[in-house]
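Below is one structure, written out as structure tokens; the observations come after it.
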Amino acid sequence: MNTAAARATPAVPAPAPEVPLSQDARIIGLVGLAHASSHFSHLLLPPLFPIFAKEFGLSFSQLGFLMTMFFIISGTGQALSGFVVDKVGARPVLFGSFVCFICACLSGYFAHSYAGLMGVAVFAGLGNAPFHPVDFSILNQRVSTRRLGYAFSAHGLSGNLGWALTPVFLLFFTASHGWRAGYLAAAALYAGILAVLVLNRSALRTEVVHHAADAAQGSGTAFLKLPVVWWCFSFFLLSTMTLAVVQNFASPIMQAMHGVSFEAATTMITAYMLCGALGMFIGGFVAARMPRQSDRVVAWAMGIGALLIVLAGTGWLGGFGSMAVLAATGFAVGIGGPSRDMMIKKATPKSATGRVYGTVYSGLDMGFAIAPLIYGVFMDRGLYSLTLMLAAVFLALSVVAALGVGKRTPA
């Protein structure tokens, strides 16, 4: 009797083992450290532009072209590196990026001409290129699903902290021992971080993508036929074109529109980054609790950010009020950051994580490369308010792109 009953009762599958918090935290911390290093490379050159202009007799057009070259190499390399990450795994590509960063810093240390500075841009661009395919391949494969929202939050937060650290780091060594010492110290910093990552390499391993022997030729690029991939790409392109105006032109715009001091305008940029970091921290909890509504969270965040930029562009609030509103824009956009990464994850085929992330995040680099050329035309004509309004338009269009991603993502 009991035997028959036992046979009639279906076996209950054992619950999946709980992933320890310490294991997830270790992976998130290592990826965050690497991501901060990537953003650190974005500003290896700009803080020292005034020094280079004087020492090497360079124009600001020549110096600006260094950053254009950086983002062209980074954007093109990012789209291509996703294929490499899927084929050989994220870990060796990550280590190769740090070798490039070290070479970039050494190029700066030995630079005696414009060519040496171009070497910094080229090596730093090559090193920065693989980071989003690398980071998100590791996080999506190694972090437990219920903690991914927090992982994406920490990832975005670490990037902002990397941006904030670079100018302070370089200017500290420049003031005490000269700008070459800053580059030598940066090379040592990258070498130290690489050593930490190598020692913890077991936590950074990812599975490679194996294609069937009889797979059709070109199947590795089949994901490019998915409309959702290009909606994701458009979102990054449009939203980054707004971030570019804040990073590059918000300070001179506030000085021209309201006569605020250089120090106050520069402080506003720092406040924007810190508000963005706080927004990303809070956004991690939002993404973890509302994973199915990630596209709507992103749309609301970007929509509110666009309205705040319009308000700043009107000039109605004066200098302090306009700067406070622009800083608040960073908070609004930051809240949408982790949900943005969750939105991309849901839209990504499991067998093409590196390739999809490489392609869609290349829109970020393209936005940084194109935006200064567009906004520069408005700035040269003194159309400061209109420059901010245009940035708001791009951010509003990113709302449409986010909703387009959600509409085309399978449930």
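Following the order of the structure tokens, first chain is A, next is B, and so on, with residues numbered from 1 inside each chain and ligands from 1 in the order they appear.
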
**Message:** Excluding region 388-402 of chain A and its own-chain neighbours fewer than 5 positions away, which residues fall within 9 Å of it when counting only C-alpha atoms? Please give them as an MDAnalysis selection string.
**Reply:** chainID A and resid 231:246 250 253 295:296 298:314 340 343 375 407

**Message:** Just want the 7 Å neighbourhood of region 285-289 of chain A, counted on only C-alpha atoms, with same-chain residues fewer than 5 positions away dropped. Output as a list in words.
**Reply:**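 My reading of the contact set: Arg146, Arg147, Gly149, Tyr150, Ser294, Pro338 and Ser339 of chain A.
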
**Prompt:** Which one of A:Ser137, A:Thr145, A:Thr68, A:Ser153 sits closest to Met280 (chain A) if you count only C-alpha atoms?
**Reply:**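 Closest candidate: A:Ser153.
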
**Asked** For Gly279 (chain A), which residue out of A:Val168, A:Leu199, A:Ala328, A:Val260 is the nearest one, using only C-alpha atoms?
**Response** A:Ala328

**Request:** Name the residues of region 186-319 of chain A that fall into alpha helix (DSSP H) according to DSSP on the backbone, using the chain letters and numbers of this document, as a PyMOL selection string.
**Result:** chain A and resi 186-199+227-258+262-289+294-314+318-319

**Item:** Between CA of Phe172 (chain A) and CA of Phe281 (chain A) - distance in Å to one decimal
**Value:**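 Computed distance, CA of Phe281 (chain A) to CA of Phe172 (chain A), equals 28.1 Å.
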
**Message:** Using only C-alpha atoms, which protein or nucleic acid residues come within 9 Å of Pro167 (chain A)? Drop anything in the same chain fewer than 3 positions from it, and give the result as a list in words.
**Reply:**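 These residues fall inside the cut-off: Phe40, Leu43, Leu44, Pro46, Pro47, Leu48, Trp163, Ala164, Leu170, Leu171 and Phe172 of chain A.
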
For C-alpha atoms, I'd like the residues from the last selection saved as a PDB file, in the first residue's frame.
ATOM      1  CA  PHE A  40      39.709  55.922 -15.963  1.00  0.00           C
ATOM      2  CA  LEU A  43      40.230  60.803 -19.225  1.00  0.00           C
ATOM      3  CA  LEU A  44      43.903  59.945 -19.552  1.00  0.00           C
ATOM      4  CA  PRO A  46      41.671  65.696 -21.425  1.00  0.00           C
ATOM      5  CA  PRO A  47      42.710  66.900 -17.929  1.00  0.00           C
ATOM      6  CA  LEU A  48      46.213  67.622 -19.295  1.00  0.00           C
ATOM      7  CA  TRP A 163      35.594  59.128 -14.288  1.00  0.00           C
ATOM      8  CA  ALA A 164      35.753  61.102 -11.047  1.00  0.00           C
ATOM      9  CA  LEU A 170      46.700  62.878 -12.763  1.00  0.00           C
ATOM     10  CA  LEU A 171      46.623  66.425 -11.447  1.00  0.00           C
ATOM     11  CA  PHE A 172      47.951  65.302  -8.042  1.00  0.00           C
TER      12      PHE A 172
END

**Item:** Shortest interatomic distance to Gln255 (chain A) - which of A:Phe83, A:Tyr114, A:Tyr384, A:Phe173, counting only C-alpha atoms
**Value:** A:Tyr384

**Within 8 Å of Asp341 (chain A) using only C-alpha atoms, minus same-chain residues under 4 positions, as number ranges by chain** = A: 152, 337, 345

Selection to disk with C-alpha atoms, as a CSV table (one decimal), in the first residue's frame:
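Just written: selection-v6.csv:
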chain,number,residue,atom,x,y,z
A,152,PHE,CA,24.3,46.3,-12.9
A,337,GLY,CA,21.0,52.9,-15.7
A,345,LYS,CA,20.0,41.5,-21.1
